[in-house]
>>> print(open('query.csv').read())   # CSV, C-alpha atoms
chain,number,residue,atom,x,y,z
A,332,MET,CA,-5.7,15.9,4.9
A,333,LYS,CA,-6.2,16.9,1.2
A,334,HIS,CA,-3.4,14.7,-0.2
A,335,PHE,CA,-5.4,12.2,-2.3
A,336,SER,CA,-8.1,14.0,-4.2
A,337,LYS,CA,-8.7,11.4,-7.0
A,338,VAL,CA,-8.7,7.7,-6.1
A,339,MET,CA,-9.0,4.6,-8.2
A,340,ILE,CA,-10.4,1.5,-6.5
A,341,GLY,CA,-9.8,-1.9,-8.2
A,342,LEU,CA,-12.6,-4.4,-8.0
A,343,ASP,CA,-12.6,-8.1,-9.2
A,344,LEU,CA,-16.3,-9.0,-8.8
A,345,SER,CA,-15.6,-11.3,-5.8
A,346,GLU,CA,-16.4,-11.1,-2.1
A,347,ILE,CA,-13.4,-8.8,-1.6
A,348,ASP,CA,-15.3,-6.0,-3.4
A,349,ASP,CA,-17.9,-5.8,-0.6
A,350,ILE,CA,-15.1,-5.6,2.0
A,351,LEU,CA,-13.1,-3.0,0.0
A,352,ILE,CA,-16.2,-0.7,-0.6
A,353,LYS,CA,-17.0,-0.7,3.1
A,354,LYS,CA,-13.4,0.0,4.1
A,355,THR,CA,-13.0,2.7,1.5
A,356,ILE,CA,-16.0,4.6,3.0
A,357,VAL,CA,-14.1,4.7,6.3
A,358,TYR,CA,-11.1,6.4,4.7
A,359,LEU,CA,-12.9,9.0,2.5
A,360,GLU,CA,-12.8,12.0,4.8
A,361,PHE,CA,-9.3,11.3,6.3
A,362,LEU,CA,-7.7,10.9,2.9
A,363,GLY,CA,-9.5,14.0,1.5
A,364,ILE,CA,-11.0,12.1,-1.4
A,365,ASP,CA,-13.1,14.2,-3.9
A,366,LYS,CA,-13.4,11.7,-6.8
A,367,CYS,CA,-13.7,7.9,-6.8
A,368,TYR,CA,-13.1,5.7,-9.9
A,369,PHE,CA,-14.3,2.1,-9.4
A,370,VAL,CA,-12.7,0.0,-12.0
A,371,HIS,CA,-12.8,-3.7,-13.0
A,372,VAL,CA,-10.2,-4.8,-15.5
A,373,ALA,CA,-10.1,-8.3,-17.0
A,374,LYS,CA,-8.8,-10.2,-20.0
A,375,ASP,CA,-12.4,-11.1,-20.9
A,376,LEU,CA,-15.4,-9.1,-19.7
A,377,ALA,CA,-17.8,-12.0,-20.4
A,378,ILE,CA,-20.1,-12.3,-17.3
A,379,PRO,CA,-19.2,-15.4,-15.2
A,380,GLN,CA,-22.1,-17.9,-15.1
A,381,GLU,CA,-22.5,-17.7,-11.3
A,382,ILE,CA,-23.2,-14.0,-11.6
A,383,LEU,CA,-25.7,-14.5,-14.4
A,384,ASP,CA,-27.4,-17.1,-12.2
A,385,ASN,CA,-27.8,-14.5,-9.5
A,386,HIS,CA,-28.7,-11.7,-11.9
A,387,PRO,CA,-30.9,-13.1,-14.7
A,388,GLU,CA,-31.9,-9.6,-15.6
A,389,LEU,CA,-28.5,-8.9,-17.1
A,390,LEU,CA,-28.9,-8.7,-20.8
A,391,ALA,CA,-26.6,-5.8,-21.6
A,392,PRO,CA,-23.0,-6.2,-23.0
A,393,GLY,CA,-20.4,-7.3,-20.5
A,394,ASP,CA,-19.0,-3.9,-19.6
A,395,GLU,CA,-22.4,-2.3,-19.0
A,396,SER,CA,-23.6,-5.3,-16.9
A,397,ILE,CA,-20.4,-5.2,-14.8
A,398,GLU,CA,-20.8,-1.4,-14.3
A,399,ALA,CA,-24.4,-2.0,-13.2
A,400,ILE,CA,-23.4,-4.7,-10.7
A,401,ILE,CA,-20.7,-2.3,-9.2
A,402,THR,CA,-23.2,0.6,-9.0
A,403,GLU,CA,-25.7,-1.6,-7.2
A,404,LYS,CA,-23.0,-2.6,-4.7
A,405,LEU,CA,-22.2,1.1,-4.0
A,406,LYS,CA,-25.9,1.7,-3.3
A,407,GLU,CA,-26.2,-1.4,-1.1
A,408,TYR,CA,-23.4,-0.2,1.2
A,409,HIS,CA,-24.6,3.4,1.2
A,410,PHE,CA,-21.5,4.9,-0.5
A,411,PRO,CA,-21.9,8.6,0.1
A,412,PRO,CA,-24.1,10.0,-2.6
A,413,SER,CA,-22.3,13.4,-2.3
A,414,MET,CA,-19.1,11.8,-3.6
A,415,ASP,CA,-18.2,12.2,-7.2
A,416,ILE,CA,-18.2,8.6,-8.6
A,417,GLU,CA,-17.3,7.0,-11.9
A,418,VAL,CA,-17.7,3.3,-12.6
A,419,PHE,CA,-16.2,1.5,-15.6
A,420,ALA,CA,-15.1,-1.9,-16.8
A,421,GLU,CA,-12.2,-2.4,-19.2
A,422,GLU,CA,-11.0,-5.4,-21.2
A,423,GLY,CA,-7.3,-6.0,-21.9
A,424,ALA,CA,-4.9,-8.8,-22.7
A,425,HIS,CA,-2.7,-7.6,-19.9
A,426,PRO,CA,-4.8,-6.4,-17.0
A,427,LEU,CA,-1.9,-4.8,-15.1
A,428,ASP,CA,-0.9,-2.6,-18.0
A,429,THR,CA,-4.5,-1.7,-18.7
A,430,PHE,CA,-5.1,-0.8,-15.1
A,431,LEU,CA,-2.0,1.4,-14.9
A,432,ARG,CA,-2.8,3.1,-18.2
A,433,TRP,CA,-6.2,4.1,-16.8
A,434,ALA,CA,-4.6,5.3,-13.6
A,435,LYS,CA,-2.4,7.6,-15.7
A,436,ILE,CA,-5.4,8.7,-17.9
A,437,LYS,CA,-7.5,9.6,-14.9
A,438,ASP,CA,-4.4,11.2,-13.2
A,439,VAL,CA,-5.2,9.6,-9.9
A,440,ASP,CA,-3.4,10.3,-6.6
A,441,LEU,CA,-4.0,7.0,-5.0
A,442,ILE,CA,-4.9,3.4,-5.9
A,443,ILE,CA,-6.8,1.3,-3.4
A,444,MET,CA,-6.6,-2.5,-3.8
A,445,GLY,CA,-7.8,-5.4,-1.7
A,446,ARG,CA,-5.6,-8.2,-0.4
A,447,LYS,CA,-7.1,-11.7,0.2
A,448,GLU,CA,-6.3,-13.9,3.1
A,449,THR,CA,-8.8,-16.8,2.8
A,450,LEU,CA,-10.7,-15.9,-0.3
A,451,GLU,CA,-9.6,-17.3,-3.7
A,452,GLY,CA,-7.1,-15.4,-5.8
A,453,SER,CA,-3.4,-15.0,-6.1
A,454,GLY,CA,-3.3,-11.2,-5.6
A,455,SER,CA,-0.9,-10.9,-8.5
A,456,LEU,CA,-2.6,-7.8,-9.9
A,457,ALA,CA,-2.5,-6.0,-6.6
A,458,LYS,CA,1.2,-6.9,-6.2
A,459,GLY,CA,2.0,-5.7,-9.7
A,460,ILE,CA,0.3,-2.4,-9.1
A,461,ALA,CA,2.1,-1.9,-5.8
A,462,LYS,CA,5.4,-2.4,-7.5
A,463,LYS,CA,4.8,-0.3,-10.6
A,464,ALA,CA,2.1,2.3,-10.0
A,465,PRO,CA,3.2,6.0,-10.5
A,466,CYS,CA,1.1,7.1,-7.5
A,467,SER,CA,0.5,6.0,-3.9
A,468,ILE,CA,-1.2,2.7,-3.1
A,469,LEU,CA,-3.4,1.7,-0.2
A,470,MET,CA,-3.8,-2.0,0.3
A,471,LEU,CA,-6.7,-3.1,2.5
A,472,GLN,CA,-6.8,-6.6,3.8
A,473,GLU,CA,-9.7,-9.0,3.8
A,474,LYS,CA,-10.1,-9.9,7.4
A,475,ARG,CA,-8.9,-6.7,9.2
A,476,PRO,CA,-11.9,-4.9,10.7
A,477,PRO,CA,-12.7,-1.5,9.1
A,478,GLY,CA,-11.1,1.4,10.9
A,479,LEU,CA,-8.4,4.1,10.8
A,480,PRO,CA,-4.9,3.3,12.1
A,481,LYS,CA,-3.7,4.2,15.5
A,482,ARG,CA,-0.3,2.5,15.5
A,483,ILE,CA,1.7,2.9,12.2
A,484,MET,CA,4.9,1.0,11.6
A,485,ILE,CA,7.5,2.5,9.3
A,486,PRO,CA,10.3,0.2,8.1
A,487,SER,CA,13.3,2.4,8.2
A,488,ASP,CA,16.9,2.4,6.9
A,489,PHE,CA,17.6,6.1,7.7
A,490,SER,CA,18.6,6.9,4.1
A,491,ALA,CA,17.6,10.1,2.3
A,492,HIS,CA,14.7,8.4,0.5
A,493,THR,CA,12.9,7.8,3.8
A,494,ASP,CA,12.7,11.6,4.5
A,495,MET,CA,9.4,12.0,2.6
A,496,ILE,CA,8.0,8.9,4.2
A,497,TYR,CA,8.6,10.2,7.7
A,498,ASP,CA,7.3,13.7,6.8
A,499,PHE,CA,4.1,12.1,5.5
A,500,GLY,CA,4.0,9.8,8.4
A,501,GLU,CA,4.1,12.7,10.9
A,502,ARG,CA,1.2,14.4,9.1
A,503,ILE,CA,-0.9,11.2,9.3
A,504,SER,CA,-0.1,10.6,13.0
A,505,GLU,CA,-1.0,14.2,13.9
A,506,GLU,CA,-4.3,14.0,11.9
A,507,LEU,CA,-5.3,10.7,13.5
A,508,ASN,CA,-3.5,11.1,16.9
A,509,ALA,CA,-1.8,7.9,15.9
A,510,GLU,CA,1.6,6.5,17.1
A,511,LEU,CA,4.5,6.2,14.7
A,512,VAL,CA,6.7,3.1,15.2
A,513,PRO,CA,9.9,3.0,13.2
A,514,VAL,CA,11.5,-0.5,12.7
A,515,HIS,CA,15.0,-1.0,11.5
A,516,ILE,CA,16.6,-4.3,10.5
A,517,TYR,CA,20.4,-4.3,11.1
A,518,ASP,CA,23.0,-6.8,9.8
A,519,VAL,CA,25.9,-8.5,11.4
A,520,PRO,CA,28.8,-8.8,8.9
A,521,HIS,CA,29.8,-12.4,8.0
A,522,GLY,CA,33.4,-11.8,9.1
A,523,TYR,CA,32.6,-10.8,12.6
A,524,SER,CA,34.4,-13.8,14.1
A,525,LYS,CA,37.7,-12.5,12.8
A,526,THR,CA,37.4,-9.6,15.2
A,527,GLY,CA,37.5,-11.9,18.2
A,528,LYS,CA,34.0,-11.0,19.2
A,529,THR,CA,31.1,-13.4,19.7
A,530,LEU,CA,28.0,-13.1,17.6
A,531,GLU,CA,26.1,-11.6,20.5
A,532,GLU,CA,28.9,-9.0,21.2
A,533,PHE,CA,29.1,-7.9,17.5
A,534,SER,CA,25.3,-7.8,17.2
A,535,GLU,CA,25.3,-5.4,20.1
A,536,ILE,CA,27.9,-3.2,18.4
A,537,MET,CA,25.9,-3.1,15.2
A,538,LYS,CA,22.7,-2.4,17.1
A,539,ASN,CA,24.3,0.5,18.9
A,540,ASN,CA,25.6,1.9,15.6
A,541,ALA,CA,22.1,1.7,14.2
A,542,LYS,CA,20.8,3.6,17.2
A,543,GLU,CA,23.3,6.4,16.5
A,544,ASP,CA,22.2,6.5,12.9
A,545,PHE,CA,18.5,6.8,14.0
A,546,LYS,CA,19.4,9.5,16.6
A,547,ASN,CA,21.0,11.6,13.8
A,548,PHE,CA,18.2,10.9,11.3
A,549,ILE,CA,15.3,11.8,13.6
A,550,THR,CA,16.6,15.3,14.4
A,551,LYS,CA,15.2,16.5,11.1
A,552,PHE,CA,11.6,15.8,12.1
A,553,ASN,CA,9.0,17.1,14.6
A,554,HIS,CA,8.6,13.8,16.6
A,555,LYS,CA,12.1,13.7,18.0
A,556,ASN,CA,11.2,11.6,21.0
A,557,ILE,CA,9.9,8.7,18.9
A,558,GLU,CA,11.3,5.3,19.7
A,559,CYS,CA,12.8,3.0,17.0
A,560,HIS,CA,12.7,-0.8,17.3
A,561,PHE,CA,15.8,-2.7,16.1
A,562,VAL,CA,15.7,-6.2,14.8
A,563,GLN,CA,18.7,-8.3,13.8
A,564,ASN,CA,18.7,-9.8,10.4
A,565,THR,CA,19.0,-13.6,11.0
A,566,GLY,CA,18.9,-14.5,7.3
A,567,GLU,CA,15.1,-14.9,7.1
A,568,ASP,CA,13.1,-13.2,4.4
A,569,LYS,CA,13.2,-9.5,5.4
A,570,GLY,CA,9.6,-9.0,4.3
A,571,LYS,CA,8.5,-11.8,6.7
A,572,THR,CA,10.7,-10.4,9.5
A,573,LEU,CA,9.1,-7.0,9.2
A,574,LEU,CA,5.6,-8.4,9.1
A,575,ASP,CA,6.3,-10.5,12.2
A,576,GLU,CA,7.6,-7.5,14.0
A,577,ALA,CA,4.6,-5.4,13.0
A,578,LEU,CA,2.3,-8.1,14.5
A,579,LYS,CA,4.4,-8.2,17.7
A,580,LEU,CA,4.2,-4.4,18.0
A,581,ASP,CA,0.4,-4.6,17.4
A,582,ALA,CA,0.7,-2.2,14.5
A,583,ASP,CA,-2.5,-1.6,12.5
A,584,MET,CA,-0.9,-0.1,9.4
A,585,ILE,CA,2.5,-0.3,7.6
A,586,LEU,CA,3.8,2.8,5.8
A,587,LEU,CA,6.3,2.3,3.0
A,588,GLY,CA,7.8,4.4,0.3
A,589,SER,CA,9.2,3.8,-3.2
A,590,ARG,CA,12.9,3.9,-3.7
A,591,GLY,CA,15.2,4.9,-6.5
A,592,LYS,CA,18.3,7.1,-7.2
A,593,THR,CA,16.9,8.2,-10.6
A,594,LYS,CA,13.5,9.4,-11.6
A,595,SER,CA,12.9,6.4,-13.8
A,596,ALA,CA,13.8,4.0,-10.9
A,597,ALA,CA,11.7,5.8,-8.2
A,598,ILE,CA,8.5,4.3,-9.7
A,599,LEU,CA,9.6,0.9,-8.4
A,600,LEU,CA,9.7,-0.4,-4.8
A,601,GLY,CA,12.9,-1.4,-3.2
A,602,SER,CA,13.6,-5.1,-2.8
A,603,VAL,CA,12.7,-5.2,0.9
A,604,ALA,CA,9.5,-3.3,0.4
A,605,GLU,CA,8.6,-5.6,-2.5
A,606,LYS,CA,9.1,-8.7,-0.2
A,607,LEU,CA,6.9,-7.1,2.4
A,608,VAL,CA,4.1,-6.6,-0.2
A,609,ASN,CA,4.4,-10.2,-1.2
A,610,VAL,CA,4.0,-11.7,2.3
A,611,ASN,CA,1.6,-9.2,3.9
A,612,ASN,CA,-2.0,-10.1,3.6
A,613,LEU,CA,-2.7,-9.3,7.2
A,614,LEU,CA,-2.2,-5.6,7.8
A,615,PRO,CA,-3.3,-2.5,5.8
A,616,MET,CA,-0.4,-1.0,4.0
A,617,LEU,CA,0.1,2.5,2.5
A,618,ILE,CA,2.8,2.8,-0.1
A,619,PHE,CA,3.6,6.5,-0.4
A,620,LYS,CA,5.0,7.6,-3.8
A,621,LYS,CA,5.7,11.2,-4.8
A,622,LYS,CA,3.3,11.7,-7.6
A,623,GLY,CA,4.7,13.2,-10.8
A,624,GLU,CA,8.3,12.1,-10.0
A,625,THR,CA,8.0,9.3,-12.6
A,626,ILE,CA,5.5,10.6,-15.1
A,627,GLY,CA,8.1,10.8,-17.9
A,628,PHE,CA,9.2,7.2,-17.4
A,629,PHE,CA,5.5,6.1,-17.1
A,630,GLU,CA,4.5,7.9,-20.3
A,631,ALA,CA,7.4,6.4,-22.2
A,632,LEU,CA,6.6,2.9,-20.9
A,633,PHE,CA,3.0,3.0,-22.0
A,634,LYS,CA,3.3,5.4,-24.9
A,635,ILE,CA,0.4,7.6,-23.8
>>> encode(input="query.csv", output="structure tokens")
Amino acid sequence: MKHFSKVMIGLDLSEIDDILIKKTIVYLEFLGIDKCYFVHVAKDLAIPQEILDNHPELLAPGDESIEAIITEKLKEYHFPPSMDIEVFAEEGAHPLDTFLRWAKIKDVDLIIMGRKETLEGSGSLAKGIAKKAPCSILMLQEKRPPGLPKRIMIPSDFSAHTDMIYDFGERISEELNAELVPVHIYDVPHGYSKTGKTLEEFSEIMKNNAKEDFKNFITKFNHKNIECHFVQNTGEDKGKTLLDEALKLDADMILLGSRGKTKSAAILLGSVAEKLVNVNNLLPMLIFKKKGETIGFFEALFKI
């Protein structure tokens, strides 16, 4: 697949960097990557004391020292020498804005970020990037073993915006010989009791209606025999509901897409997708965004 030629990998000088570098190597060929930008962005590029203790030879300015540390990490984990690589560190009062600005300057197709499960860190930068980046994002989790996906869950509402996600999902599944697993959360209207039906009876009606919607939706795609899993909304956070279902289904990746009726809105995630990003630090997640759809909005936002 030659869909993500230029990729930016966000590093924070913690243990997650080692994990992220090793996992990125696994994805290089599959994603069709030609150029990797390894980037560290912080409010202050002063070298932390614990790093200075381990690297007493560091006498260069903060940005050069950090770039040297990252370069050594790439050598340590045998990052392919044939890959075109650029390493840089940037300082900015607002790291999210700085990171996104560089993603635009470098015109990247994909941003790769790590998600921590047990390591220290809030993950706020990764969440902000997932929400606002003008390109696709791959989030790789701390404890998940390196490897390409074989069972990919796609949260689905059968609306028009999911067409490009399914199209992209089919290409991934064919390339990897992986299984696509659509999951749909359906609601039972609050006024169901006025119909004389029980909750269980009306839930079955809504589920069957969702099945018909999926049946009509899937006719547009190549994998017409694919099975969708239906989950009733019980009032729990939908992000957690989807993550729980992914774990039940033994999915090893979640594929999402951005949502928006206008070009300016398409840069942002839908509310359910955003909730899933917030709770998921267990499974790799690829958020597919149509590059270029939001460039005008992005340029206006950052005045580039």
>>> closest_residue(input="query.csv", among="A:His554, A:Lys337, A:Lys353, A:Lys374", to="A:Pro411", atoms="only C-alpha atoms")
A:Lys353
>>> residues_near_point(input="query.csv", point="(20.3, -12.9, 8.3)", cutoff="12 Å", atoms="all atoms listed in the file", output="number ranges by chain")
A: 516-521, 534, 562-569, 571-572
>>> write_last_selection(input="query.csv", atoms="C-alpha atoms", output="CSV table (one decimal), in the frame of the given file")
chain,number,residue,atom,x,y,z
A,516,ILE,CA,16.6,-4.3,10.5
A,517,TYR,CA,20.4,-4.3,11.1
A,518,ASP,CA,23.0,-6.8,9.8
A,519,VAL,CA,25.9,-8.5,11.4
A,520,PRO,CA,28.8,-8.8,8.9
A,521,HIS,CA,29.8,-12.4,8.0
A,534,SER,CA,25.3,-7.8,17.2
A,562,VAL,CA,15.7,-6.2,14.8
A,563,GLN,CA,18.7,-8.3,13.8
A,564,ASN,CA,18.7,-9.8,10.4
A,565,THR,CA,19.0,-13.6,11.0
A,566,GLY,CA,18.9,-14.5,7.3
A,567,GLU,CA,15.1,-14.9,7.1
A,568,ASP,CA,13.1,-13.2,4.4
A,569,LYS,CA,13.2,-9.5,5.4
A,571,LYS,CA,8.5,-11.8,6.7
A,572,THR,CA,10.7,-10.4,9.5
>>> residues_around(input="query.csv", residues="A:Ser487", least_positions_apart="2", cutoff="6 Å", atoms="all atoms listed in the file", output="list of chain:residue names")
A:Ile485, A:Phe489, A:Val514, A:His515
>>> atom_distance(input="query.csv", atom1="atom CA of A:Lys404", atom2="atom CA of A:Leu344")
10.1 Å
>>> residues_around(input="query.csv", residues="A:Asn556", least_positions_apart="6", cutoff="10 Å", atoms="all atoms listed in the file", output="list in words")
Lys546, Ile549 and Thr550 of chain A
>>> closest_residue(input="query.csv", among="A:Leu427, A:Ala577, A:Leu613, A:Val603", to="A:Ala464", atoms="only C-alpha atoms")
A:Leu427
>>> atom_distance(input="query.csv", atom1="atom CA of A:Lys458", atom2="atom CA of A:Asn609")
6.8 Å
>>> atom_distance(input="query.csv", atom1="atom CA of A:Lys621", atom2="atom CA of A:Leu441")
10.6 Å
>>> closest_residue(input="query.csv", among="A:Glu451, A:Asp440, A:Asp365, A:Asp375", to="A:Met414", atoms="only C-alpha atoms")
A:Asp365
>>> residues_around(input="query.csv", residues="stretch 356-362 of chain A", least_positions_apart="5", cutoff="12 Å", atoms="all atoms listed in the file", output="PDB file with C-alpha atoms, keeping the file's coordinate frame")
ATOM      1  CA  MET A 332      -5.700  15.900   4.900  1.00  0.00           C
ATOM      2  CA  LYS A 333      -6.200  16.900   1.200  1.00  0.00           C
ATOM      3  CA  HIS A 334      -3.400  14.700  -0.200  1.00  0.00           C
ATOM      4  CA  PHE A 335      -5.400  12.200  -2.300  1.00  0.00           C
ATOM      5  CA  SER A 336      -8.100  14.000  -4.200  1.00  0.00           C
ATOM      6  CA  LYS A 337      -8.700  11.400  -7.000  1.00  0.00           C
ATOM      7  CA  VAL A 338      -8.700   7.700  -6.100  1.00  0.00           C
ATOM      8  CA  ILE A 340     -10.400   1.500  -6.500  1.00  0.00           C
ATOM      9  CA  ASP A 349     -17.900  -5.800  -0.600  1.00  0.00           C
ATOM     10  CA  ILE A 350     -15.100  -5.600   2.000  1.00  0.00           C
ATOM     11  CA  LEU A 351     -13.100  -3.000   0.000  1.00  0.00           C
ATOM     12  CA  CYS A 367     -13.700   7.900  -6.800  1.00  0.00           C
ATOM     13  CA  LEU A 405     -22.200   1.100  -4.000  1.00  0.00           C
ATOM     14  CA  TYR A 408     -23.400  -0.200   1.200  1.00  0.00           C
ATOM     15  CA  HIS A 409     -24.600   3.400   1.200  1.00  0.00           C
ATOM     16  CA  PHE A 410     -21.500   4.900  -0.500  1.00  0.00           C
ATOM     17  CA  PRO A 411     -21.900   8.600   0.100  1.00  0.00           C
ATOM     18  CA  PRO A 412     -24.100  10.000  -2.600  1.00  0.00           C
ATOM     19  CA  SER A 413     -22.300  13.400  -2.300  1.00  0.00           C
ATOM     20  CA  MET A 414     -19.100  11.800  -3.600  1.00  0.00           C
ATOM     21  CA  ASP A 415     -18.200  12.200  -7.200  1.00  0.00           C
ATOM     22  CA  ASP A 440      -3.400  10.300  -6.600  1.00  0.00           C
ATOM     23  CA  LEU A 441      -4.000   7.000  -5.000  1.00  0.00           C
ATOM     24  CA  ILE A 442      -4.900   3.400  -5.900  1.00  0.00           C
ATOM     25  CA  ILE A 443      -6.800   1.300  -3.400  1.00  0.00           C
ATOM     26  CA  SER A 467       0.500   6.000  -3.900  1.00  0.00           C
ATOM     27  CA  LEU A 469      -3.400   1.700  -0.200  1.00  0.00           C
ATOM     28  CA  MET A 470      -3.800  -2.000   0.300  1.00  0.00           C
ATOM     29  CA  LEU A 471      -6.700  -3.100   2.500  1.00  0.00           C
ATOM     30  CA  PRO A 476     -11.900  -4.900  10.700  1.00  0.00           C
ATOM     31  CA  PRO A 477     -12.700  -1.500   9.100  1.00  0.00           C
ATOM     32  CA  GLY A 478     -11.100   1.400  10.900  1.00  0.00           C
ATOM     33  CA  LEU A 479      -8.400   4.100  10.800  1.00  0.00           C
ATOM     34  CA  PRO A 480      -4.900   3.300  12.100  1.00  0.00           C
ATOM     35  CA  ARG A 502       1.200  14.400   9.100  1.00  0.00           C
ATOM     36  CA  ILE A 503      -0.900  11.200   9.300  1.00  0.00           C
ATOM     37  CA  SER A 504      -0.100  10.600  13.000  1.00  0.00           C
ATOM     38  CA  GLU A 505      -1.000  14.200  13.900  1.00  0.00           C
ATOM     39  CA  GLU A 506      -4.300  14.000  11.900  1.00  0.00           C
ATOM     40  CA  LEU A 507      -5.300  10.700  13.500  1.00  0.00           C
ATOM     41  CA  PRO A 615      -3.300  -2.500   5.800  1.00  0.00           C
ATOM     42  CA  LEU A 617       0.100   2.500   2.500  1.00  0.00           C
TER      43      LEU A 617
END
>>> residues_near_point(input="query.csv", point="(-13.1, -8.7, -11.0)", cutoff="12 Å", atoms="only C-alpha atoms", output="PyMOL selection string")
chain A and resi 340-349+369-379+382+394+397-398+400-401+419-422+426+430+444-445+451-452+454+456-457
>>> decode(input="query.csv", residues="stretch 523-585 of chain A", atoms="C-alpha atoms", output="JSON list (two decimals), in the first residue's frame")
[["chain", "number", "residue", "atom", "x", "y", "z"],
["A", 523, "TYR", "CA", -40.76, 2.64, 23.79],
["A", 524, "SER", "CA", -43.12, 1.77, 26.70],
["A", 525, "LYS", "CA", -45.93, 3.83, 25.16],
["A", 526, "THR", "CA", -46.04, 1.34, 22.29],
["A", 527, "GLY", "CA", -47.07, -1.48, 24.61],
["A", 528, "LYS", "CA", -43.82, -3.34, 23.87],
["A", 529, "THR", "CA", -41.33, -4.50, 26.48],
["A", 530, "LEU", "CA", -37.75, -3.24, 26.42],
["A", 531, "GLU", "CA", -36.59, -6.58, 25.06],
["A", 532, "GLU", "CA", -39.25, -6.57, 22.31],
["A", 533, "PHE", "CA", -38.47, -3.02, 21.19],
["A", 534, "SER", "CA", -34.74, -3.70, 21.38],
["A", 535, "GLU", "CA", -35.23, -6.56, 18.92],
["A", 536, "ILE", "CA", -37.21, -4.26, 16.61],
["A", 537, "MET", "CA", -34.42, -1.67, 16.62],
["A", 538, "LYS", "CA", -31.76, -4.34, 16.12],
["A", 539, "ASN", "CA", -33.60, -5.77, 13.10],
["A", 540, "ASN", "CA", -33.95, -2.26, 11.69],
["A", 541, "ALA", "CA", -30.20, -1.74, 12.09],
["A", 542, "LYS", "CA", -29.58, -5.05, 10.33],
["A", 543, "GLU", "CA", -31.59, -3.82, 7.35],
["A", 544, "ASP", "CA", -29.61, -0.57, 7.32],
["A", 545, "PHE", "CA", -26.35, -2.52, 7.26],
["A", 546, "LYS", "CA", -27.64, -4.86, 4.55],
["A", 547, "ASN", "CA", -28.32, -1.85, 2.31],
["A", 548, "PHE", "CA", -25.05, -0.15, 3.25],
["A", 549, "ILE", "CA", -22.75, -3.09, 2.54],
["A", 550, "THR", "CA", -24.00, -3.60, -1.03],
["A", 551, "LYS", "CA", -21.72, -0.73, -2.12],
["A", 552, "PHE", "CA", -18.56, -2.65, -1.19],
["A", 553, "ASN", "CA", -16.62, -5.71, -2.28],
["A", 554, "HIS", "CA", -16.95, -7.67, 0.98],
["A", 555, "LYS", "CA", -20.70, -8.18, 0.85],
["A", 556, "ASN", "CA", -20.73, -11.29, 3.05],
["A", 557, "ILE", "CA", -19.15, -9.51, 5.99],
["A", 558, "GLU", "CA", -20.95, -9.88, 9.33],
["A", 559, "CYS", "CA", -21.81, -6.87, 11.49],
["A", 560, "HIS", "CA", -22.06, -7.08, 15.29],
["A", 561, "PHE", "CA", -24.89, -5.15, 16.93],
["A", 562, "VAL", "CA", -24.69, -3.76, 20.46],
["A", 563, "GLN", "CA", -27.54, -2.07, 22.32],
["A", 564, "ASN", "CA", -26.78, 1.31, 23.86],
["A", 565, "THR", "CA", -27.44, 0.89, 27.58],
["A", 566, "GLY", "CA", -26.48, 4.45, 28.52],
["A", 567, "GLU", "CA", -22.85, 3.67, 29.19],
["A", 568, "ASP", "CA", -20.12, 5.79, 27.59],
["A", 569, "LYS", "CA", -20.15, 4.71, 23.93],
["A", 570, "GLY", "CA", -16.36, 4.84, 23.73],
["A", 571, "LYS", "CA", -16.09, 2.30, 26.54],
["A", 572, "THR", "CA", -18.87, 0.19, 24.99],
["A", 573, "LEU", "CA", -16.96, 0.00, 21.70],
["A", 574, "LEU", "CA", -13.66, -0.80, 23.41],
["A", 575, "ASP", "CA", -15.30, -3.57, 25.46],
["A", 576, "GLU", "CA", -16.82, -5.01, 22.30],
["A", 577, "ALA", "CA", -13.46, -4.87, 20.49],
["A", 578, "LEU", "CA", -11.87, -6.85, 23.32],
["A", 579, "LYS", "CA", -14.73, -9.40, 23.27],
["A", 580, "LEU", "CA", -14.27, -9.83, 19.52],
["A", 581, "ASP", "CA", -10.50, -10.24, 19.94],
["A", 582, "ALA", "CA", -9.86, -7.35, 17.53],
["A", 583, "ASP", "CA", -6.23, -6.26, 17.22],
["A", 584, "MET", "CA", -6.92, -2.88, 15.60],
["A", 585, "ILE", "CA", -9.72, -0.32, 15.52]]
